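Have a look at coords_35.csv below; it lists CSV, C-alpha atoms.
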```csv
chain,number,residue,atom,x,y,z
A,1083,MET,CA,76.0,110.3,4.6
A,1084,THR,CA,78.4,112.6,6.3
A,1085,SER,CA,77.6,116.1,7.7
A,1086,ARG,CA,79.2,117.6,4.5
A,1087,SER,CA,77.2,115.4,2.1
A,1088,ALA,CA,75.3,116.7,-0.9
A,1089,TRP,CA,72.1,115.1,0.3
A,1090,LEU,CA,72.3,117.1,3.6
A,1091,ASP,CA,72.5,120.3,1.5
A,1092,VAL,CA,69.1,119.6,-0.1
A,1093,PRO,CA,66.5,121.8,1.6
A,1094,ARG,CA,64.4,119.9,4.2
A,1095,PRO,CA,61.0,120.6,2.5
A,1096,GLN,CA,62.3,118.9,-0.7
A,1097,VAL,CA,63.6,116.0,1.3
A,1098,ARG,CA,60.3,115.5,3.0
A,1099,GLN,CA,58.5,115.7,-0.3
A,1100,PHE,CA,60.8,113.1,-1.8
A,1101,ALA,CA,60.3,110.8,1.3
A,1102,GLU,CA,56.5,111.2,1.2
A,1103,ILE,CA,56.2,110.2,-2.4
A,1104,ALA,CA,58.7,107.3,-2.1
A,1105,MET,CA,56.9,106.0,1.0
A,1106,ALA,CA,53.5,106.2,-0.8
A,1107,GLU,CA,54.9,104.3,-3.8
A,1108,ALA,CA,56.8,101.7,-1.7
A,1109,PRO,CA,54.1,99.1,-1.9
A,1110,ALA,CA,53.8,99.3,-5.7
A,1111,LEU,CA,57.6,99.4,-6.0
A,1112,ALA,CA,57.9,96.3,-3.8
A,1113,GLU,CA,55.4,94.4,-6.0
A,1114,GLU,CA,57.3,95.5,-9.1
A,1115,ILE,CA,60.5,94.2,-7.7
A,1116,LEU,CA,59.0,90.9,-6.7
A,1117,ARG,CA,57.4,90.5,-10.2
A,1118,GLU,CA,60.8,90.9,-11.8
A,1119,ILE,CA,62.4,88.5,-9.3
A,1120,ARG,CA,59.8,85.9,-10.1
A,1121,ARG,CA,60.2,86.4,-13.8
A,1122,GLU,CA,64.0,86.0,-13.6
A,1123,TYR,CA,64.0,83.2,-11.0
A,1124,PRO,CA,60.7,81.3,-11.5
A,1125,HIS,CA,61.8,78.3,-9.4
A,1126,LEU,CA,62.2,80.2,-6.1
A,1127,PRO,CA,59.9,78.9,-3.4
A,1128,VAL,CA,57.0,81.2,-2.3
A,1129,VAL,CA,56.8,81.4,1.5
A,1130,LEU,CA,53.7,83.0,3.0
A,1131,GLU,CA,53.5,84.9,6.3
A,1132,GLU,CA,50.6,84.5,8.7
A,1133,SER,CA,48.9,87.4,7.0
A,1134,GLY,CA,48.9,85.4,3.8
A,1135,GLU,CA,51.3,87.8,2.0
A,1136,PRO,CA,54.5,86.5,0.5
A,1137,MET,CA,57.3,86.9,3.0
A,1138,ALA,CA,59.5,88.2,0.2
A,1139,LEU,CA,57.0,91.0,-0.6
A,1140,VAL,CA,56.9,92.0,3.1
A,1141,GLY,CA,60.6,92.0,3.4
A,1142,ILE,CA,61.2,94.1,0.2
A,1143,ARG,CA,58.5,96.6,1.3
A,1144,ARG,CA,59.9,96.9,4.8
A,1145,ALA,CA,63.5,97.3,3.4
A,1146,ILE,CA,62.3,100.2,1.2
A,1147,GLU,CA,60.4,101.9,4.0
A,1148,VAL,CA,63.3,101.7,6.4
A,1149,PHE,CA,65.7,103.2,3.8
A,1150,VAL,CA,63.3,106.0,2.9
A,1151,GLN,CA,62.8,106.9,6.6
A,1152,HIS,CA,66.5,107.1,7.0
A,1153,LEU,CA,66.8,109.5,4.1
A,1154,GLU,CA,64.3,111.8,5.8
A,1155,THR,CA,66.1,111.8,9.2
A,1156,ALA,CA,69.6,111.3,7.9
A,1157,GLU,CA,70.7,110.1,11.4
A,1158,GLY,CA,73.4,107.4,11.5
A,1159,ARG,CA,73.2,104.4,9.2
A,1160,PRO,CA,69.9,102.8,8.1
A,1161,SER,CA,69.1,99.9,10.3
A,1162,VAL,CA,68.5,96.7,8.3
A,1163,PRO,CA,65.2,95.0,9.2
A,1164,PRO,CA,66.1,91.9,11.2
A,1165,GLY,CA,64.4,88.6,10.7
A,1166,VAL,CA,63.2,88.6,7.2
A,1167,PHE,CA,66.5,88.8,5.4
A,1168,GLN,CA,68.1,86.4,7.8
A,1169,GLU,CA,65.2,84.0,6.9
A,1170,PHE,CA,66.0,84.4,3.2
A,1171,GLY,CA,69.6,83.3,3.9
A,1172,ARG,CA,68.4,80.5,6.1
A,1173,GLY,CA,66.0,79.3,3.4
A,1174,GLU,CA,68.9,79.2,0.8
A,1175,GLY,CA,71.0,77.2,3.3
A,1176,LEU,CA,68.3,74.7,4.1
A,1177,GLY,CA,67.5,74.3,0.4
A,1178,GLY,CA,71.1,73.4,-0.3
A,1179,ARG,CA,71.7,76.4,-2.5
A,1180,SER,CA,74.5,79.0,-2.5
A,1181,LEU,CA,74.0,82.7,-1.7
A,1182,ASP,CA,75.0,83.7,-5.3
A,1183,SER,CA,71.4,83.9,-6.6
A,1184,LEU,CA,70.2,85.7,-3.5
A,1185,GLN,CA,72.8,88.4,-3.9
A,1186,ALA,CA,72.0,88.8,-7.5
A,1187,ILE,CA,68.3,89.2,-6.6
A,1188,TYR,CA,69.3,91.9,-4.0
A,1189,ARG,CA,71.3,93.8,-6.7
A,1190,MET,CA,68.3,93.6,-9.0
A,1191,GLY,CA,66.1,95.1,-6.3
A,1192,VAL,CA,68.5,98.0,-5.7
A,1193,ARG,CA,68.6,98.8,-9.5
A,1194,LEU,CA,64.8,98.8,-9.7
A,1195,ALA,CA,64.5,100.9,-6.6
A,1196,TRP,CA,67.1,103.4,-7.9
A,1197,ARG,CA,65.1,103.9,-11.1
A,1198,ARG,CA,62.0,104.7,-9.1
A,1199,PHE,CA,63.9,107.0,-6.8
A,1200,ALA,CA,65.6,108.8,-9.7
A,1201,ASP,CA,62.2,109.4,-11.2
A,1202,ILE,CA,60.9,110.8,-7.9
A,1203,GLY,CA,64.1,112.9,-7.6
A,1204,GLN,CA,63.4,114.5,-11.0
A,1205,ARG,CA,59.8,115.3,-10.0
A,1206,VAL,CA,60.9,117.1,-6.8
A,1207,GLU,CA,64.0,118.6,-8.4
A,1208,ILE,CA,66.6,116.9,-6.2
A,1209,PRO,CA,70.1,118.0,-7.4
A,1210,PRO,CA,72.1,115.3,-9.3
A,1211,PRO,CA,75.0,115.2,-6.8
A,1212,ALA,CA,72.6,114.4,-4.1
A,1213,MET,CA,71.0,111.6,-6.2
A,1214,TYR,CA,74.4,110.1,-6.9
A,1215,GLU,CA,75.1,110.0,-3.2
A,1216,LEU,CA,71.7,108.2,-2.9
A,1217,VAL,CA,73.0,105.4,-5.1
A,1218,ASP,CA,76.1,104.9,-2.9
A,1219,ALA,CA,73.8,104.8,0.2
A,1220,GLY,CA,71.6,102.3,-1.5
A,1221,TYR,CA,74.5,99.9,-2.1
A,1222,GLU,CA,75.8,100.4,1.4
A,1223,TYR,CA,72.3,99.4,2.6
A,1224,LEU,CA,72.5,96.4,0.3
A,1225,ASP,CA,75.7,95.3,2.1
A,1226,GLY,CA,73.7,95.2,5.4
A,1227,LEU,CA,71.0,93.1,3.8
A,1228,VAL,CA,73.6,90.6,2.5
A,1229,ASP,CA,75.2,90.5,6.0
A,1230,GLN,CA,71.8,89.5,7.5
A,1231,SER,CA,71.3,86.8,4.9
A,1232,VAL,CA,74.8,85.5,5.4
A,1233,ARG,CA,74.1,85.2,9.1
A,1234,GLY,CA,70.9,83.2,8.5
A,1235,TYR,CA,72.7,81.1,5.9
A,1236,ALA,CA,75.5,80.3,8.5
A,1237,GLU,CA,72.8,79.4,11.1
A,1238,ALA,CA,71.2,77.0,8.7
A,1239,ALA,CA,74.5,75.4,7.8
A,1240,ALA,CA,75.3,74.9,11.5
A,1241,ARG,CA,71.9,73.5,12.1
A,1242,GLN,CA,72.2,71.1,9.2
A,1243,ALA,CA,75.7,70.0,10.3
A,1244,GLY,CA,74.4,69.5,13.9
A,1245,GLU,CA,71.5,67.4,12.6
A,1246,ARG,CA,73.7,65.3,10.4
A,1247,LEU,CA,76.0,64.7,13.4
A,1248,ARG,CA,73.1,63.6,15.5
A,1249,LEU,CA,71.8,61.2,12.8
A,1250,GLN,CA,75.3,59.9,12.2
A,1251,ARG,CA,75.7,59.3,16.0
A,1252,ARG,CA,72.5,57.3,16.1
A,1253,LEU,CA,73.6,55.3,13.1
A,1254,MET,CA,76.9,54.5,14.8
A,1255,GLU,CA,75.2,53.6,18.1
A,1256,LEU,CA,73.1,51.0,16.2
A,1257,LEU,CA,76.0,49.8,14.2
A,1258,LEU,CA,78.2,49.3,17.2
A,1259,ALA,CA,75.6,47.8,19.5
A,1260,GLU,CA,76.5,44.3,20.8
A,1261,ARG,CA,72.9,43.3,20.7
A,1262,HIS,CA,70.0,44.7,18.8
A,1263,ARG,CA,67.1,45.1,21.1
A,1264,HIS,CA,64.2,44.8,18.6
A,1265,GLY,CA,63.4,44.6,15.0
A,1266,ASP,CA,65.5,43.8,12.0
A,1267,PRO,CA,69.0,45.4,12.5
A,1268,ALA,CA,69.7,45.4,8.7
A,1269,GLU,CA,66.4,47.3,8.0
A,1270,ALA,CA,67.2,49.8,10.8
A,1271,LEU,CA,70.7,50.3,9.5
A,1272,THR,CA,69.5,50.9,6.0
A,1273,GLU,CA,67.0,53.5,7.1
A,1274,ARG,CA,69.4,55.4,9.3
A,1275,ALA,CA,72.2,55.2,6.7
A,1276,ALA,CA,69.9,56.6,4.0
A,1277,ARG,CA,69.0,59.6,6.2
A,1278,ILE,CA,72.6,60.8,6.0
A,1279,GLY,CA,73.4,59.5,2.5
A,1280,TRP,CA,75.8,56.8,3.7
A,1281,PRO,CA,76.0,53.8,1.3
A,1282,LEU,CA,76.0,50.6,3.4
A,1283,PRO,CA,79.3,48.8,2.9
A,1284,GLU,CA,79.8,45.1,3.0
A,1285,ARG,CA,82.7,45.3,5.4
A,1286,VAL,CA,83.9,47.9,8.0
A,1287,ALA,CA,86.7,48.4,10.4
A,1288,VAL,CA,86.1,50.3,13.6
A,1289,GLY,CA,88.7,52.6,15.1
A,1290,VAL,CA,89.2,54.1,18.6
A,1291,LEU,CA,91.4,57.2,18.8
A,1292,LEU,CA,93.4,58.9,21.5
A,1293,ARG,CA,93.3,62.7,21.4
A,1294,PRO,CA,96.7,64.4,20.9
A,1295,ALA,CA,95.3,67.3,22.9
A,1296,ARG,CA,92.0,68.1,24.7
A,1297,GLU,CA,90.9,70.6,22.0
A,1298,ALA,CA,92.3,68.7,19.0
A,1299,VAL,CA,90.7,69.4,15.7
A,1300,PRO,CA,88.9,66.3,14.3
A,1301,PRO,CA,91.0,64.5,11.7
A,1302,ALA,CA,90.0,65.0,8.1
A,1303,VAL,CA,89.1,61.3,7.6
A,1304,GLY,CA,87.0,61.8,4.5
A,1305,GLN,CA,83.3,62.0,3.8
A,1306,GLY,CA,82.6,58.2,3.8
A,1307,VAL,CA,84.2,57.6,7.2
A,1308,LEU,CA,81.8,58.0,10.2
A,1309,LEU,CA,83.5,59.9,13.1
A,1310,ASP,CA,82.1,60.5,16.5
A,1311,MET,CA,84.2,63.0,18.5
A,1312,GLU,CA,81.7,63.0,21.5
A,1313,TYR,CA,83.4,60.1,23.2
A,1314,GLU,CA,86.4,60.6,25.5
A,1315,GLN,CA,88.2,58.3,23.0
A,1316,PRO,CA,86.7,59.2,19.6
A,1317,ARG,CA,85.3,56.4,17.5
A,1318,MET,CA,85.3,56.0,13.7
A,1319,VAL,CA,83.7,53.5,11.3
A,1320,VAL,CA,85.8,52.9,8.1
A,1321,PRO,CA,83.7,51.5,5.2
A,1322,GLU,CA,85.5,49.0,2.9
A,1323,PRO,CA,88.8,49.5,4.8
A,1324,ASP,CA,90.8,47.7,2.1
A,1325,ALA,CA,89.5,49.7,-0.8
A,1326,ALA,CA,92.0,51.3,-3.1
A,1327,GLY,CA,93.5,54.4,-1.6
A,1328,ARG,CA,91.7,54.1,1.7
A,1329,PRO,CA,94.7,53.1,3.9
A,1330,GLU,CA,96.8,55.9,2.5
A,1331,LEU,CA,94.1,58.5,3.1
A,1332,LEU,CA,93.6,57.4,6.7
A,1333,HIS,CA,97.3,57.3,7.3
A,1334,ARG,CA,97.6,61.0,6.1
A,1335,ALA,CA,94.5,62.1,8.0
A,1336,LEU,CA,95.5,60.5,11.3
A,1337,THR,CA,99.0,61.8,11.4
A,1338,GLY,CA,99.6,63.1,14.9
A,1339,TRP,CA,96.9,60.9,16.4
A,1340,ALA,CA,97.2,57.6,18.2
A,1341,GLY,CA,94.8,54.7,18.6
A,1342,ALA,CA,93.8,51.5,17.0
A,1343,ILE,CA,91.7,50.2,14.1
A,1344,GLY,CA,90.0,46.9,14.6
A,1345,PRO,CA,90.1,44.1,12.0
A,1346,PRO,CA,87.8,44.3,8.9
A,1347,VAL,CA,84.5,42.5,9.6
A,1348,PRO,CA,81.1,42.2,7.9
A,1349,LEU,CA,78.9,45.2,8.6
A,1350,VAL,CA,76.7,43.5,11.1
A,1351,ASP,CA,79.8,42.5,13.1
A,1352,ALA,CA,81.1,46.0,13.6
A,1353,ALA,CA,80.9,45.7,17.4
A,1354,LYS,CA,83.5,42.9,17.2
A,1355,SER,CA,85.9,45.2,15.4
A,1356,LEU,CA,85.3,47.8,18.0
A,1357,ARG,CA,86.0,45.3,20.8
A,1358,TRP,CA,89.4,44.5,19.4
A,1359,ALA,CA,90.3,48.2,18.8
A,1360,GLU,CA,89.4,49.0,22.4
A,1361,ALA,CA,91.5,46.1,23.6
A,1362,ALA,CA,94.5,47.4,21.6
A,1363,VAL,CA,94.1,50.9,23.0
A,1364,ARG,CA,94.1,49.5,26.6
A,1365,LEU,CA,97.4,47.7,25.8
A,1366,MET,CA,98.8,50.9,24.3
A,1367,GLU,CA,97.9,52.8,27.4
A,1368,ARG,CA,99.8,50.2,29.4
A,1369,ARG,CA,102.7,50.5,27.0
A,1370,LEU,CA,102.4,46.9,25.9
A,1371,LEU,CA,101.8,48.0,22.3
A,1372,PRO,CA,103.6,50.9,20.5
A,1373,SER,CA,102.0,54.3,21.3
A,1374,GLY,CA,102.1,57.5,19.4
A,1375,GLU,CA,100.5,56.2,16.2
A,1376,VAL,CA,97.3,54.6,14.9
A,1377,LEU,CA,97.9,50.8,14.9
A,1378,HIS,CA,96.0,48.2,12.9
A,1379,CYS,CA,95.0,45.2,15.0
A,1380,THR,CA,95.7,42.8,12.2
A,1381,GLU,CA,99.4,43.7,12.5
A,1382,HIS,CA,99.4,42.9,16.3
A,1383,THR,CA,97.4,39.7,16.5
A,1384,GLU,CA,99.8,37.9,18.7
A,1385,ALA,CA,99.9,40.6,21.4
A,1386,LEU,CA,96.1,41.0,21.3
A,1387,VAL,CA,95.5,37.2,21.6
A,1388,LEU,CA,98.1,36.6,24.3
A,1389,LEU,CA,97.8,39.7,26.4
A,1390,GLN,CA,94.1,40.5,26.5
A,1391,PRO,CA,92.9,37.5,28.6
A,1392,GLU,CA,95.3,38.4,31.4
A,1393,GLU,CA,93.8,36.3,34.2
A,1394,LEU,CA,93.7,33.1,32.1
A,1395,ILE,CA,97.3,33.5,30.9
A,1396,ASP,CA,98.5,34.3,34.4
A,1397,ASP,CA,96.8,31.3,35.8
A,1398,LEU,CA,98.3,29.1,33.0
A,1399,ALA,CA,101.7,30.6,33.6
A,1400,LEU,CA,101.6,29.7,37.3
A,1401,ARG,CA,100.9,26.1,36.5
A,1402,CYS,CA,103.2,25.7,33.5
A,1403,LEU,CA,106.2,27.6,34.9
A,1404,ALA,CA,105.9,26.1,38.4
A,1405,PRO,CA,109.2,24.1,38.0
A,1406,LEU,CA,111.1,27.5,37.8
A,1407,ALA,CA,109.8,28.7,41.1
A,1408,HIS,CA,112.9,27.6,43.1
A,1409,CYS,CA,115.5,28.6,40.5
A,1410,GLY,CA,115.9,32.3,41.5
A,1411,PRO,CA,114.8,35.3,39.4
A,1412,THR,CA,117.9,35.7,37.2
A,1413,HIS,CA,118.6,32.0,36.5
A,1414,GLY,CA,114.9,31.3,36.1
A,1415,ARG,CA,114.6,34.0,33.5
A,1416,ARG,CA,117.6,32.6,31.6
A,1417,LEU,CA,116.1,29.1,31.6
A,1418,ALA,CA,112.7,30.5,30.4
A,1419,GLU,CA,114.4,32.4,27.5
A,1420,THR,CA,116.3,29.3,26.5
A,1421,LEU,CA,113.2,27.2,26.7
A,1422,LEU,CA,111.2,29.6,24.5
A,1423,ALA,CA,114.1,29.8,22.0
A,1424,TRP,CA,114.1,26.0,21.9
A,1425,LEU,CA,110.3,25.8,21.5
A,1426,GLU,CA,110.4,28.3,18.7
A,1427,THR,CA,113.3,26.8,16.7
A,1428,ARG,CA,112.9,23.1,17.6
A,1429,GLY,CA,116.6,23.0,16.8
A,1430,GLY,CA,119.7,21.7,18.6
A,1431,ALA,CA,122.1,23.6,20.9
A,1432,PRO,CA,123.9,25.5,18.0
A,1433,GLU,CA,120.6,26.9,16.6
A,1434,VAL,CA,119.3,27.9,20.0
A,1435,ALA,CA,122.7,29.4,21.0
A,1436,ALA,CA,122.7,31.5,17.8
A,1437,ARG,CA,119.2,32.7,18.6
A,1438,LEU,CA,120.2,33.7,22.1
A,1439,GLY,CA,123.7,35.0,21.4
A,1440,VAL,CA,125.4,32.6,23.9
A,1441,HIS,CA,127.8,29.7,23.7
A,1442,PRO,CA,126.3,26.3,22.6
A,1443,GLN,CA,127.7,24.7,25.7
A,1444,THR,CA,125.7,27.1,27.8
A,1445,VAL,CA,122.6,26.1,26.0
A,1446,ARG,CA,123.3,22.4,26.5
A,1447,TYR,CA,123.7,22.9,30.2
A,1448,ARG,CA,120.4,24.9,30.4
A,1449,LEU,CA,118.5,22.3,28.2
A,1450,ARG,CA,119.7,19.5,30.6
A,1451,GLN,CA,118.3,21.5,33.5
A,1452,ILE,CA,115.0,22.1,31.7
A,1453,ARG,CA,114.6,18.4,31.0
A,1454,GLU,CA,115.3,17.7,34.7
A,1455,LEU,CA,112.8,20.3,35.8
A,1456,TRP,CA,109.9,19.2,33.5
A,1457,GLY,CA,110.8,15.6,33.0
A,1458,ALA,CA,108.8,13.7,30.4
A,1459,GLU,CA,106.2,16.5,30.2
A,1460,ILE,CA,108.6,18.5,28.0
A,1461,ASP,CA,108.0,16.0,25.2
A,1462,ASP,CA,104.2,16.3,25.4
A,1463,PRO,CA,102.9,18.4,22.5
A,1464,ASP,CA,100.1,20.0,24.5
A,1465,ARG,CA,102.4,21.0,27.3
A,1466,ARG,CA,104.9,22.4,24.9
A,1467,PHE,CA,102.2,24.5,23.3
A,1468,GLU,CA,101.1,25.9,26.7
A,1469,LEU,CA,104.7,26.7,27.6
A,1470,GLU,CA,105.3,28.5,24.3
A,1471,LEU,CA,102.0,30.4,24.8
A,1472,VAL,CA,102.8,31.7,28.3
A,1473,LEU,CA,106.5,32.4,27.5
A,1474,ARG,CA,105.5,34.4,24.4
A,1475,ALA,CA,103.0,36.4,26.5
A,1476,GLN,CA,105.8,37.1,29.1
A,1477,ARG,CA,108.1,38.3,26.3
A,1478,LEU,CA,105.4,40.6,25.0
A,1479,ARG,CA,105.0,42.0,28.5
A,1480,GLY,CA,108.7,42.6,28.8
A,1481,VAL,CA,109.3,39.9,31.5
A,1482,LEU,CA,111.6,38.1,29.1
A,1483,GLY,CA,114.1,39.7,26.8
A,1484,GLU,CA,113.6,40.0,23.1
A,1485,THR,CA,115.1,37.0,21.3
A,1486,PRO,CA,117.5,38.1,18.4
A,1487,GLY,CA,116.0,37.0,15.1
```

Show this structure as structure tokens.
Amino acid sequence: MTSRSAWLDVPRPQVRQFAEIAMAEAPALAEEILREIRREYPHLPVVLEESGEPMALVGIRRAIEVFVQHLETAEGRPSVPPGVFQEFGRGEGLGGRSLDSLQAIYRMGVRLAWRRFADIGQRVEIPPPAMYELVDAGYEYLDGLVDQSVRGYAEAAARQAGERLRLQRRLMELLLAERHRHGDPAEALTERAARIGWPLPERVAVGVLLRPAREAVPPAVGQGVLLDMEYEQPRMVVPEPDAAGRPELLHRALTGWAGAIGPPVPLVDAAKSLRWAEAAVRLMERRLLPSGEVLHCTEHTEALVLLQPEELIDDLALRCLAPLAHCGPTHGRRLAETLLAWLETRGGAPEVAARLGVHPQTVRYRLRQIRELWGAEIDDPDRRFELELVLRAQRLRGVLGETPG
């Protein structure tokens, strides 16, 4: 109400008389409003205060009293009672309901209050322009009540989201544990999954992600995918990873992200899938696997098998490739590349030469040297297998050049 309002032009004795009557009738008006609300919305829960009165009745009565007090003083805007109306919004949020019905209830309350105030205005002869202004003030006051409820609703939503994330994290911790310390892991998984409404899948794949930026927004991986962003390298558990549409959905959601998704495994073996995904990410960080995208471990099996047990492969390489030790770096590398091409093709000089892109005579010369260096061992199947193993590993590491296919 501005300084030039019709309400401020009403003589102060009339205003005081109006306020006294409205304040005296506030308890009855609050009960009338609550009766109508219960009649229209019979399923609304009844929450009692410590005094035993319904919280809704206390809130309605207090809202009426604050509004009437403001009409008498006409100073600033009416201050919406804190607490109660926030609690109404919080209750709707925790109950899984929208704010639509609550706002409808508030509008009903304003209409009923206006009828009572209009009657009081006639009794004390308040001019119609001032009463019309009173309606506008009432709906402005209603906006404040709605704002309080929206705040409470948002708090409840945030609390529920936080609680779900906490329960989801506990489920993932159990799911990805290498060893279950006590009890039946299947029973514990069922119980924790039920608390967040996550249907237990038969198979899962576990992903490890690399953030594109420190404050990156979590990828929209879908409701069924468990995602934990609390780790430095976020983890996710993908249920039924081969289900129709799942790979395409993940591909779209993870655009701009990097990382690795482990192989699909039975639910109880989720930790194994995580282990492979972590191994792939380590290789990506060393630039031994392509970076800048989310890889699937099943598409990089050779690299994961050959590059992960570094110490064992290095020890095997020292023993298997000892004959090359005195050949010099460049010549030794060429002999190694020729040996690998021969092991992979099991062909003659022309096939190996075509694979390497060199003259067949060059290949014959190198193959004679290889046979001199290794002797009869080169014909032993086990030794050939070990040689191919270590040479493939060296090619994956970039020690040997890529062989043209």

Exercise. Rank A:Ile1460, A:Arg1453, A:Phe1149, A:Glu1426 by their smallest atom-to-atom distance to Arg1474 of chain A, using only C-alpha atoms, and report the top residue only.
Key: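 Selected residue with least distance to Arg1474 of chain A: A:Glu1426.
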
Exercise. Report the distance between atom CA of Arg1121 of chain A and atom CA of Asp1201 of chain A in Å, rounded to one decimal place.
Key: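 Result for atom CA of Arg1121 of chain A versus atom CA of Asp1201 of chain A: 23.2 Å, one decimal.
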
Quiz item: Counting all atoms listed in the file, what is within 12 Å of segment 1248-1253 of chain A, bar same-chain residues fewer than 6 positions away, as a ChimeraX atom specification?
Solution: /A:1241-1242,1259,1267-1280,1282,1305-1313,1316-1319,1352

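Interatomic distance, atom CA of Ala1362 of chain A to atom CA of Leu1377 of chain A: 8.2 Å.
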
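Considering the residues A:Gly1203, A:Ala1342, A:Pro1348, A:Val1290 and counting only C-alpha atoms, Val1092 of chain A has its shortest atom-to-atom contact with A:Gly1203.
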
Practice problem: Using only C-alpha atoms, find all polymer residues with an atom at most 12 Å away from the point (91.7, 42.1, 17.5); report them as a VMD selection string. | Solution: chain A and resid 1287 to 1289 1342 to 1347 1352 to 1365 1377 to 1390

Quiz item: Nearest to His1413 of chain A among A:Leu1394, A:Glu1470, A:Leu1482, A:Leu1291, with distances taken over all atoms listed in the file: which residue is it?
Solution: A:Leu1482

Practice problem: Rank A:Val1140, A:Ala1088, A:Val1097, A:Val1434 by their smallest atom-to-atom distance to Tyr1214 of chain A, using all atoms listed in the file, and report the top residue only. | Solution: A:Ala1088

Practice problem: For segment 1187-1200 of chain A, list every protein, DNA or RNA residue within 9 Å, evaluated using all atoms listed in the file, and leave out those in the same chain fewer than 6 positions away; present the list as a PyMOL selection string. | Solution: chain A and resi 1100+1104+1107+1111-1112+1114-1116+1118-1119+1122-1123+1142+1146+1208+1213+1216-1217+1220-1221+1224+1227-1228

Selection export as a PDB file, in the coordinates of the input, atoms kept: C-alpha atoms:
```
ATOM      1  CA  PHE A1100      60.800 113.100  -1.800  1.00  0.00           C
ATOM      2  CA  ALA A1104      58.700 107.300  -2.100  1.00  0.00           C
ATOM      3  CA  GLU A1107      54.900 104.300  -3.800  1.00  0.00           C
ATOM      4  CA  LEU A1111      57.600  99.400  -6.000  1.00  0.00           C
ATOM      5  CA  ALA A1112      57.900  96.300  -3.800  1.00  0.00           C
ATOM      6  CA  GLU A1114      57.300  95.500  -9.100  1.00  0.00           C
ATOM      7  CA  ILE A1115      60.500  94.200  -7.700  1.00  0.00           C
ATOM      8  CA  LEU A1116      59.000  90.900  -6.700  1.00  0.00           C
ATOM      9  CA  GLU A1118      60.800  90.900 -11.800  1.00  0.00           C
ATOM     10  CA  ILE A1119      62.400  88.500  -9.300  1.00  0.00           C
ATOM     11  CA  GLU A1122      64.000  86.000 -13.600  1.00  0.00           C
ATOM     12  CA  TYR A1123      64.000  83.200 -11.000  1.00  0.00           C
ATOM     13  CA  ILE A1142      61.200  94.100   0.200  1.00  0.00           C
ATOM     14  CA  ILE A1146      62.300 100.200   1.200  1.00  0.00           C
ATOM     15  CA  ILE A1208      66.600 116.900  -6.200  1.00  0.00           C
ATOM     16  CA  MET A1213      71.000 111.600  -6.200  1.00  0.00           C
ATOM     17  CA  LEU A1216      71.700 108.200  -2.900  1.00  0.00           C
ATOM     18  CA  VAL A1217      73.000 105.400  -5.100  1.00  0.00           C
ATOM     19  CA  GLY A1220      71.600 102.300  -1.500  1.00  0.00           C
ATOM     20  CA  TYR A1221      74.500  99.900  -2.100  1.00  0.00           C
ATOM     21  CA  LEU A1224      72.500  96.400   0.300  1.00  0.00           C
ATOM     22  CA  LEU A1227      71.000  93.100   3.800  1.00  0.00           C
ATOM     23  CA  VAL A1228      73.600  90.600   2.500  1.00  0.00           C
TER      24      VAL A1228
END
```

Exercise. Counting all atoms listed in the file, figure out which residue out of A:Tyr1447, A:Gly1414, A:Leu1398, A:Leu1292 gets nearest to Arg1465 of chain A.
Key: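 Nearest to Arg1465 of chain A: A:Leu1398.
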
Quiz item: Of the residues A:Tyr1235, A:Trp1089, A:Trp1424, A:Tyr1223, which is the one nearest to Pro1211 of chain A, using all atoms listed in the file?
Solution: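 Smallest separation from Pro1211 of chain A among the options: A:Trp1089.
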
Quiz item: Which neighbours of Leu1469 of chain A fall inside 9 Å, counting all atoms listed in the file, when residues of the same chain fewer than 6 positions from it are skipped, and could you give them as an MDAnalysis selection string?
Solution: chainID A and resid 1398:1399 1402:1403 1421:1422 1425

Quiz item: Neighbours of Thr1155 of chain A within 12 Å (only C-alpha atoms; same-chain residues fewer than 5 positions away dropped), as a list in words?
Solution: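 In the requested form, the answer reads Met1083, Trp1089, Leu1090, Arg1094, Val1097, Arg1098, Ala1101, Val1148, Phe1149, Val1150 and Pro1160 of chain A.
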
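Take atom CA of Ile1452 of chain A and atom CA of Ala1436 of chain A: the distance between them is 18.5 Å.
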
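Excluding Val1166 of chain A itself and any same-chain residue fewer than 3 positions from it, the protein and nucleic acid residues within 12 Å of it, counting only C-alpha atoms, are Val1129, Leu1130, Glu1131, Pro1136, Met1137, Ala1138, Leu1139, Val1140, Gly1141, Ile1142, Arg1143, Arg1144, Ala1145, Val1162, Pro1163, Glu1169, Phe1170, Gly1171, Arg1172, Gly1173, Leu1227, Val1228, Gln1230, Ser1231, Arg1233 and Gly1234 of chain A.
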
Print the selection's residues with C-alpha atoms to a file, as a short mmCIF file (atom, residue, chain, number, x, y, z; two decimals), in the frame of the given file.
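again20.cif, written as the output of this step:
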```cif
data_model
loop_
_atom_site.label_atom_id
_atom_site.label_comp_id
_atom_site.auth_asym_id
_atom_site.auth_seq_id
_atom_site.Cartn_x
_atom_site.Cartn_y
_atom_site.Cartn_z
CA VAL A 1129 56.80 81.40 1.50
CA LEU A 1130 53.70 83.00 3.00
CA GLU A 1131 53.50 84.90 6.30
CA PRO A 1136 54.50 86.50 0.50
CA MET A 1137 57.30 86.90 3.00
CA ALA A 1138 59.50 88.20 0.20
CA LEU A 1139 57.00 91.00 -0.60
CA VAL A 1140 56.90 92.00 3.10
CA GLY A 1141 60.60 92.00 3.40
CA ILE A 1142 61.20 94.10 0.20
CA ARG A 1143 58.50 96.60 1.30
CA ARG A 1144 59.90 96.90 4.80
CA ALA A 1145 63.50 97.30 3.40
CA VAL A 1162 68.50 96.70 8.30
CA PRO A 1163 65.20 95.00 9.20
CA GLU A 1169 65.20 84.00 6.90
CA PHE A 1170 66.00 84.40 3.20
CA GLY A 1171 69.60 83.30 3.90
CA ARG A 1172 68.40 80.50 6.10
CA GLY A 1173 66.00 79.30 3.40
CA LEU A 1227 71.00 93.10 3.80
CA VAL A 1228 73.60 90.60 2.50
CA GLN A 1230 71.80 89.50 7.50
CA SER A 1231 71.30 86.80 4.90
CA ARG A 1233 74.10 85.20 9.10
CA GLY A 1234 70.90 83.20 8.50
#
```
